[in-house]
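Notes to accompany the following structure.
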Amino acid sequence: MILRRNKLLLLLIVSLFIFSCDKKRVFDEYKELSGKWKKEDVIRFTFEQNDTISPYNLFLNVRNNNEYPFNNLFVIVSLQQPDSLVKVDTLEYAMANVDGSLMGEGFSDVKESKLWYQENFVFKQKGNYTVEIKQALRETGSVSGVEELSGVTEVGFRIEKTK
């Protein structure tokens with residue numbers, strides 16, 4: 001009985017430690033893919049923001065595995081504000097080291113890359129925002145984009161407090 005109570009107490013302490021460590025997180029959500037990110041797939045995140053004073057850091061999170069065939073990643077990111085104004089960015093990120101090994105965090109063949117989207121971003125209006133992310137990778141010399149980008153398992157969006 002005492003051993004069982006000690007295990008339960010230890011589990012509770014570990015759980016509290018894990019969930020209380022991420023004090024910067026304001027929003028953090030992932031969308032799972034089937035291992036392929038199709039050209040027409042739009043990854044969409046909607047969140048409510050009521051703070052129009054404090055700056056925030058915004059990130060794209062990409063989980064990929066060894067099936068990812070490229071050294072970089074191009075994405076088109078659209079941020080729709082509550083007044084329907086849309087800010088669109090085309091971004092490029094390095095995804096592999098010079099030797100071809102994947103960048104990112106992780107001990108297995110799945111790596112998570114936390115990619116900067118906006119630094120010290122101040123939301124100008126209160127209300128609902130929508131972020132849409134599309135892959136826009138092209139092979140060298142090709143005009144049309146890659147139809148199916150292999151090796152991408154999840155795409156996420158994260159907002160963190162700056163302080």
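Starting from 1 in every chain, residues are counted up; chains themselves are A, B, ... following the order of the structure tokens, and ligands are numbered from 1 as listed.
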Region 27-96 of chain A: residues DSSP assigns to strand (DSSP E or B), reported as an mmCIF file with N, CA and C atoms, in the first residue's frame:
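Wrote it out as out.cif, contents follow:
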```cif
data_model
loop_
_atom_site.group_PDB
_atom_site.id
_atom_site.type_symbol
_atom_site.label_atom_id
_atom_site.label_comp_id
_atom_site.auth_asym_id
_atom_site.auth_seq_id
_atom_site.Cartn_x
_atom_site.Cartn_y
_atom_site.Cartn_z
ATOM 1 N N PHE A 27 0.006 29.535 -27.067
ATOM 2 C CA PHE A 27 -0.737 28.678 -27.992
ATOM 3 C C PHE A 27 0.250 27.684 -28.574
ATOM 4 N N ASP A 28 -0.141 26.424 -28.667
ATOM 5 C CA ASP A 28 0.738 25.394 -29.212
ATOM 6 C C ASP A 28 -0.137 24.254 -29.714
ATOM 7 N N GLU A 29 -0.209 24.104 -31.027
ATOM 8 C CA GLU A 29 -1.079 23.087 -31.606
ATOM 9 C C GLU A 29 -0.399 22.465 -32.822
ATOM 10 N N TYR A 30 -0.675 21.193 -33.057
ATOM 11 C CA TYR A 30 -0.114 20.460 -34.194
ATOM 12 C C TYR A 30 -1.238 19.861 -35.025
ATOM 13 N N LYS A 31 -0.970 19.723 -36.319
ATOM 14 C CA LYS A 31 -1.848 18.992 -37.230
ATOM 15 C C LYS A 31 -1.040 17.828 -37.785
ATOM 16 N N GLU A 32 -1.610 16.649 -37.694
ATOM 17 C CA GLU A 32 -0.918 15.437 -38.142
ATOM 18 C C GLU A 32 -1.123 15.246 -39.641
ATOM 19 N N LEU A 33 -0.056 14.841 -40.305
ATOM 20 C CA LEU A 33 -0.107 14.514 -41.732
ATOM 21 C C LEU A 33 0.147 13.023 -41.894
ATOM 22 N N SER A 34 -0.106 12.513 -43.069
ATOM 23 C CA SER A 34 0.053 11.080 -43.327
ATOM 24 C C SER A 34 1.483 10.714 -43.715
ATOM 25 N N GLY A 35 2.437 11.586 -43.441
ATOM 26 C CA GLY A 35 3.814 11.340 -43.861
ATOM 27 C C GLY A 35 4.133 12.025 -45.171
ATOM 28 N N LYS A 36 3.124 12.621 -45.793
ATOM 29 C CA LYS A 36 3.301 13.383 -47.029
ATOM 30 C C LYS A 36 2.508 14.680 -46.893
ATOM 31 N N TRP A 37 3.160 15.789 -47.246
ATOM 32 C CA TRP A 37 2.500 17.092 -47.227
ATOM 33 C C TRP A 37 2.210 17.460 -48.671
ATOM 34 N N LYS A 38 0.959 17.311 -49.063
ATOM 35 C CA LYS A 38 0.562 17.562 -50.445
ATOM 36 C C LYS A 38 0.555 19.062 -50.734
ATOM 37 N N ILE A 43 -2.524 23.838 -43.949
ATOM 38 C CA ILE A 43 -2.571 23.577 -42.510
ATOM 39 C C ILE A 43 -3.089 24.854 -41.850
ATOM 40 N N ARG A 44 -4.156 24.749 -41.072
ATOM 41 C CA ARG A 44 -4.844 25.928 -40.544
ATOM 42 C C ARG A 44 -4.940 25.884 -39.019
ATOM 43 N N PHE A 45 -4.609 27.008 -38.397
ATOM 44 C CA PHE A 45 -4.718 27.163 -36.947
ATOM 45 C C PHE A 45 -5.504 28.439 -36.665
ATOM 46 N N THR A 46 -6.491 28.357 -35.779
ATOM 47 C CA THR A 46 -7.266 29.524 -35.379
ATOM 48 C C THR A 46 -7.147 29.680 -33.872
ATOM 49 N N PHE A 47 -6.919 30.912 -33.440
ATOM 50 C CA PHE A 47 -6.760 31.183 -32.015
ATOM 51 C C PHE A 47 -7.295 32.571 -31.703
ATOM 52 N N GLU A 48 -7.646 32.767 -30.445
ATOM 53 C CA GLU A 48 -8.129 34.073 -29.983
ATOM 54 C C GLU A 48 -6.991 34.799 -29.285
ATOM 55 N N GLN A 49 -6.845 36.074 -29.593
ATOM 56 C CA GLN A 49 -5.806 36.891 -28.967
ATOM 57 C C GLN A 49 -6.442 38.181 -28.463
ATOM 58 N N TYR A 56 5.100 39.057 -28.768
ATOM 59 C CA TYR A 56 5.143 37.596 -28.723
ATOM 60 C C TYR A 56 6.082 37.091 -29.809
ATOM 61 N N ASN A 57 6.620 35.900 -29.597
ATOM 62 C CA ASN A 57 7.395 35.208 -30.627
ATOM 63 C C ASN A 57 6.502 34.122 -31.218
ATOM 64 N N LEU A 58 6.467 34.063 -32.553
ATOM 65 C CA LEU A 58 5.634 33.097 -33.259
ATOM 66 C C LEU A 58 6.538 32.113 -33.985
ATOM 67 N N PHE A 59 6.178 30.827 -33.908
ATOM 68 C CA PHE A 59 6.996 29.761 -34.482
ATOM 69 C C PHE A 59 6.157 28.803 -35.315
ATOM 70 N N LEU A 60 6.786 28.243 -36.339
ATOM 71 C CA LEU A 60 6.251 27.084 -37.035
ATOM 72 C C LEU A 60 7.034 25.900 -36.509
ATOM 73 N N ASN A 61 6.361 24.817 -36.196
ATOM 74 C CA ASN A 61 7.028 23.596 -35.746
ATOM 75 C C ASN A 61 6.790 22.516 -36.791
ATOM 76 N N VAL A 62 7.873 21.892 -37.224
ATOM 77 C CA VAL A 62 7.770 20.851 -38.240
ATOM 78 C C VAL A 62 8.430 19.595 -37.708
ATOM 79 N N ARG A 63 7.684 18.509 -37.725
ATOM 80 C CA ARG A 63 8.238 17.198 -37.374
ATOM 81 C C ARG A 63 8.394 16.411 -38.671
ATOM 82 N N ASN A 64 9.629 15.979 -38.920
ATOM 83 C CA ASN A 64 9.893 15.206 -40.131
ATOM 84 C C ASN A 64 10.799 14.030 -39.796
ATOM 85 N N ASN A 72 16.156 21.905 -47.489
ATOM 86 C CA ASN A 72 15.440 23.086 -47.030
ATOM 87 C C ASN A 72 13.939 22.866 -47.137
ATOM 88 N N LEU A 73 13.205 23.892 -46.703
ATOM 89 C CA LEU A 73 11.746 23.860 -46.764
ATOM 90 C C LEU A 73 11.277 25.266 -47.091
ATOM 91 N N PHE A 74 10.439 25.396 -48.113
ATOM 92 C CA PHE A 74 9.792 26.660 -48.432
ATOM 93 C C PHE A 74 8.329 26.543 -48.034
ATOM 94 N N VAL A 75 7.820 27.574 -47.363
ATOM 95 C CA VAL A 75 6.411 27.606 -46.975
ATOM 96 C C VAL A 75 5.835 28.984 -47.270
ATOM 97 N N ILE A 76 4.535 29.010 -47.496
ATOM 98 C CA ILE A 76 3.798 30.262 -47.600
ATOM 99 C C ILE A 76 2.904 30.312 -46.370
ATOM 100 N N VAL A 77 3.071 31.377 -45.576
ATOM 101 C CA VAL A 77 2.321 31.525 -44.331
ATOM 102 C C VAL A 77 1.434 32.759 -44.451
ATOM 103 N N SER A 78 0.140 32.573 -44.174
ATOM 104 C CA SER A 78 -0.822 33.672 -44.187
ATOM 105 C C SER A 78 -1.354 33.865 -42.778
ATOM 106 N N LEU A 79 -1.337 35.093 -42.307
ATOM 107 C CA LEU A 79 -1.883 35.443 -40.992
ATOM 108 C C LEU A 79 -3.065 36.367 -41.214
ATOM 109 N N GLN A 80 -4.269 35.847 -40.949
ATOM 110 C CA GLN A 80 -5.486 36.651 -41.119
ATOM 111 C C GLN A 80 -5.878 37.254 -39.786
ATOM 112 N N VAL A 86 -4.970 40.284 -44.375
ATOM 113 C CA VAL A 86 -4.132 39.093 -44.422
ATOM 114 C C VAL A 86 -2.691 39.499 -44.723
ATOM 115 N N LYS A 87 -1.774 39.018 -43.886
ATOM 116 C CA LYS A 87 -0.339 39.232 -44.081
ATOM 117 C C LYS A 87 0.215 37.914 -44.601
ATOM 118 N N VAL A 88 0.890 37.949 -45.781
ATOM 119 C CA VAL A 88 1.401 36.735 -46.410
ATOM 120 C C VAL A 88 2.921 36.806 -46.501
ATOM 121 N N ASP A 89 3.591 35.735 -46.098
ATOM 122 C CA ASP A 89 5.049 35.632 -46.166
ATOM 123 C C ASP A 89 5.430 34.331 -46.860
ATOM 124 N N THR A 90 6.468 34.387 -47.686
ATOM 125 C CA THR A 90 7.094 33.189 -48.236
ATOM 126 C C THR A 90 8.416 33.029 -47.503
ATOM 127 N N LEU A 91 8.602 31.892 -46.861
ATOM 128 C CA LEU A 91 9.750 31.688 -45.981
ATOM 129 C C LEU A 91 10.533 30.447 -46.394
ATOM 130 N N GLU A 92 11.835 30.490 -46.161
ATOM 131 C CA GLU A 92 12.697 29.342 -46.415
ATOM 132 C C GLU A 92 13.416 28.982 -45.122
ATOM 133 N N TYR A 93 13.483 27.695 -44.835
ATOM 134 C CA TYR A 93 14.170 27.196 -43.641
ATOM 135 C C TYR A 93 15.137 26.082 -44.036
ATOM 136 N N ALA A 94 16.296 26.073 -43.396
ATOM 137 C CA ALA A 94 17.238 24.953 -43.545
ATOM 138 C C ALA A 94 16.706 23.793 -42.712
ATOM 139 N N ALA A 96 18.360 20.428 -43.064
ATOM 140 C CA ALA A 96 19.373 19.378 -42.973
ATOM 141 C C ALA A 96 20.759 20.006 -42.858
#
```
(Q) Let's see if you can do this: from backbone DSSP, list all alpha helix (DSSP H) residues in chain A, as a ChimeraX atom specification. (A) /A:2-20
Since we have the selection now, will you write its residues out, keeping N, CA and C atoms, as a PDB file, in the first residue's frame?
```pdb
ATOM      1  N   ILE A   2       1.937   1.270   0.814  1.00  0.00           N
ATOM      2  CA  ILE A   2       2.821   2.433   0.889  1.00  0.00           C
ATOM      3  C   ILE A   2       3.573   2.594  -0.424  1.00  0.00           C
ATOM      4  N   LEU A   3       4.017   1.476  -1.006  1.00  0.00           N
ATOM      5  CA  LEU A   3       4.727   1.524  -2.282  1.00  0.00           C
ATOM      6  C   LEU A   3       3.837   2.104  -3.382  1.00  0.00           C
ATOM      7  N   ARG A   4       2.580   1.711  -3.381  1.00  0.00           N
ATOM      8  CA  ARG A   4       1.634   2.205  -4.378  1.00  0.00           C
ATOM      9  C   ARG A   4       1.405   3.704  -4.192  1.00  0.00           C
ATOM     10  N   ARG A   5       1.301   4.169  -2.979  1.00  0.00           N
ATOM     11  CA  ARG A   5       1.102   5.581  -2.670  1.00  0.00           C
ATOM     12  C   ARG A   5       2.333   6.391  -3.086  1.00  0.00           C
ATOM     13  N   ASN A   6       3.525   5.833  -2.873  1.00  0.00           N
ATOM     14  CA  ASN A   6       4.763   6.512  -3.276  1.00  0.00           C
ATOM     15  C   ASN A   6       4.856   6.644  -4.797  1.00  0.00           C
ATOM     16  N   LYS A   7       4.456   5.595  -5.496  1.00  0.00           N
ATOM     17  CA  LYS A   7       4.462   5.656  -6.959  1.00  0.00           C
ATOM     18  C   LYS A   7       3.483   6.716  -7.465  1.00  0.00           C
ATOM     19  N   LEU A   8       2.322   6.778  -6.856  1.00  0.00           N
ATOM     20  CA  LEU A   8       1.319   7.765  -7.241  1.00  0.00           C
ATOM     21  C   LEU A   8       1.821   9.186  -6.964  1.00  0.00           C
ATOM     22  N   LEU A   9       2.461   9.381  -5.829  1.00  0.00           N
ATOM     23  CA  LEU A   9       3.017  10.684  -5.474  1.00  0.00           C
ATOM     24  C   LEU A   9       4.128  11.078  -6.455  1.00  0.00           C
ATOM     25  N   LEU A  10       4.994  10.150  -6.789  1.00  0.00           N
ATOM     26  CA  LEU A  10       6.064  10.412  -7.742  1.00  0.00           C
ATOM     27  C   LEU A  10       5.498  10.776  -9.112  1.00  0.00           C
ATOM     28  N   LEU A  11       4.485  10.060  -9.562  1.00  0.00           N
ATOM     29  CA  LEU A  11       3.838  10.343 -10.835  1.00  0.00           C
ATOM     30  C   LEU A  11       3.221  11.739 -10.830  1.00  0.00           C
ATOM     31  N   LEU A  12       2.596  12.122  -9.743  1.00  0.00           N
ATOM     32  CA  LEU A  12       1.995  13.444  -9.619  1.00  0.00           C
ATOM     33  C   LEU A  12       3.058  14.539  -9.676  1.00  0.00           C
ATOM     34  N   ILE A  13       4.164  14.354  -8.997  1.00  0.00           N
ATOM     35  CA  ILE A  13       5.251  15.345  -8.992  1.00  0.00           C
ATOM     36  C   ILE A  13       5.861  15.483 -10.383  1.00  0.00           C
ATOM     37  N   VAL A  14       6.120  14.367 -11.042  1.00  0.00           N
ATOM     38  CA  VAL A  14       6.676  14.403 -12.398  1.00  0.00           C
ATOM     39  C   VAL A  14       5.701  15.089 -13.352  1.00  0.00           C
ATOM     40  N   SER A  15       4.418  14.791 -13.240  1.00  0.00           N
ATOM     41  CA  SER A  15       3.411  15.421 -14.103  1.00  0.00           C
ATOM     42  C   SER A  15       3.370  16.930 -13.898  1.00  0.00           C
ATOM     43  N   LEU A  16       3.388  17.367 -12.657  1.00  0.00           N
ATOM     44  CA  LEU A  16       3.392  18.802 -12.369  1.00  0.00           C
ATOM     45  C   LEU A  16       4.632  19.469 -12.930  1.00  0.00           C
ATOM     46  N   PHE A  17       5.771  18.815 -12.819  1.00  0.00           N
ATOM     47  CA  PHE A  17       7.025  19.354 -13.333  1.00  0.00           C
ATOM     48  C   PHE A  17       6.957  19.515 -14.860  1.00  0.00           C
ATOM     49  N   ILE A  18       6.463  18.512 -15.528  1.00  0.00           N
ATOM     50  CA  ILE A  18       6.386  18.542 -16.993  1.00  0.00           C
ATOM     51  C   ILE A  18       5.439  19.637 -17.463  1.00  0.00           C
ATOM     52  N   PHE A  19       4.272  19.739 -16.856  1.00  0.00           N
ATOM     53  CA  PHE A  19       3.280  20.694 -17.335  1.00  0.00           C
ATOM     54  C   PHE A  19       3.551  22.120 -16.878  1.00  0.00           C
ATOM     55  N   SER A  20       4.348  22.322 -15.852  1.00  0.00           N
ATOM     56  CA  SER A  20       4.617  23.675 -15.380  1.00  0.00           C
ATOM     57  C   SER A  20       5.888  24.259 -15.977  1.00  0.00           C
TER      58      SER A  20
END
```
**Q.** Neighbour list for Arg25 (chain A) as a PyMOL selection string, cut-off 10 Å, only C-alpha atoms, skip fewer than 6 positions in-chain
**A.** chain A and resi 56-57+158-162
Expected file: the selected residues, C-alpha atoms, as a short mmCIF file (atom, residue, chain, number, x, y, z; two decimals), in the first residue's frame:
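out.cif written:
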```cif
data_model
loop_
_atom_site.label_atom_id
_atom_site.label_comp_id
_atom_site.auth_asym_id
_atom_site.auth_seq_id
_atom_site.Cartn_x
_atom_site.Cartn_y
_atom_site.Cartn_z
CA TYR A 56 5.14 37.60 -28.72
CA ASN A 57 7.39 35.21 -30.63
CA ARG A 158 3.29 28.10 -31.44
CA ILE A 159 3.00 31.47 -29.72
CA GLU A 160 5.31 32.29 -26.81
CA LYS A 161 5.56 35.19 -24.41
CA THR A 162 8.81 37.05 -24.92
#
```
(Q) Can you pull out the residues contacting Asp83 (chain A)? Cut-off 10 Å, using only C-alpha atoms, and skip same-chain residues under 3 positions away; I want them as a list in words. (A)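 Returned residues: Gln80, Val86, Gln125, Lys126, Gly127, Asn128 and Tyr129 of chain A.
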If you keep N, CA, C and O atoms, can you produce a file of those selected residues as a compact mmCIF listing (two decimals), in the first residue's frame?
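Output (part_11.txt):
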```
# COMPACT_ATOMS: atom_id res chain seq x y z
N GLN A 80 -4.27 35.85 -40.95
CA GLN A 80 -5.49 36.65 -41.12
C GLN A 80 -5.88 37.25 -39.79
O GLN A 80 -6.05 36.56 -38.79
N VAL A 86 -4.97 40.28 -44.38
CA VAL A 86 -4.13 39.09 -44.42
C VAL A 86 -2.69 39.50 -44.72
O VAL A 86 -2.43 40.23 -45.67
N GLN A 125 -4.98 43.89 -32.97
CA GLN A 125 -6.41 43.88 -32.67
C GLN A 125 -6.76 42.70 -31.79
O GLN A 125 -6.14 41.66 -31.87
N LYS A 126 -7.79 42.86 -31.00
CA LYS A 126 -8.34 41.75 -30.23
C LYS A 126 -9.24 40.95 -31.15
O LYS A 126 -9.89 41.50 -32.04
N GLY A 127 -9.27 39.63 -30.93
CA GLY A 127 -10.18 38.79 -31.70
C GLY A 127 -9.54 37.52 -32.18
O GLY A 127 -8.48 37.11 -31.71
N ASN A 128 -10.19 36.88 -33.15
CA ASN A 128 -9.73 35.60 -33.70
C ASN A 128 -8.79 35.82 -34.87
O ASN A 128 -9.07 36.59 -35.78
N TYR A 129 -7.67 35.10 -34.83
CA TYR A 129 -6.67 35.11 -35.88
C TYR A 129 -6.61 33.72 -36.48
O TYR A 129 -6.84 32.73 -35.79
```
Q) Quick one, how far is CA of Leu115 (chain A) from CA of Met103 (chain A)? A)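 Atom-to-atom, CA of Leu115 (chain A) to CA of Met103 (chain A), that is 11.0 Å.
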Q) Which residue out of A:Ile53, A:Met95, A:Leu149, A:Val42 has the minimum interatomic distance to Asn120 (chain A) when only C-alpha atoms are used? A) A:Ile53
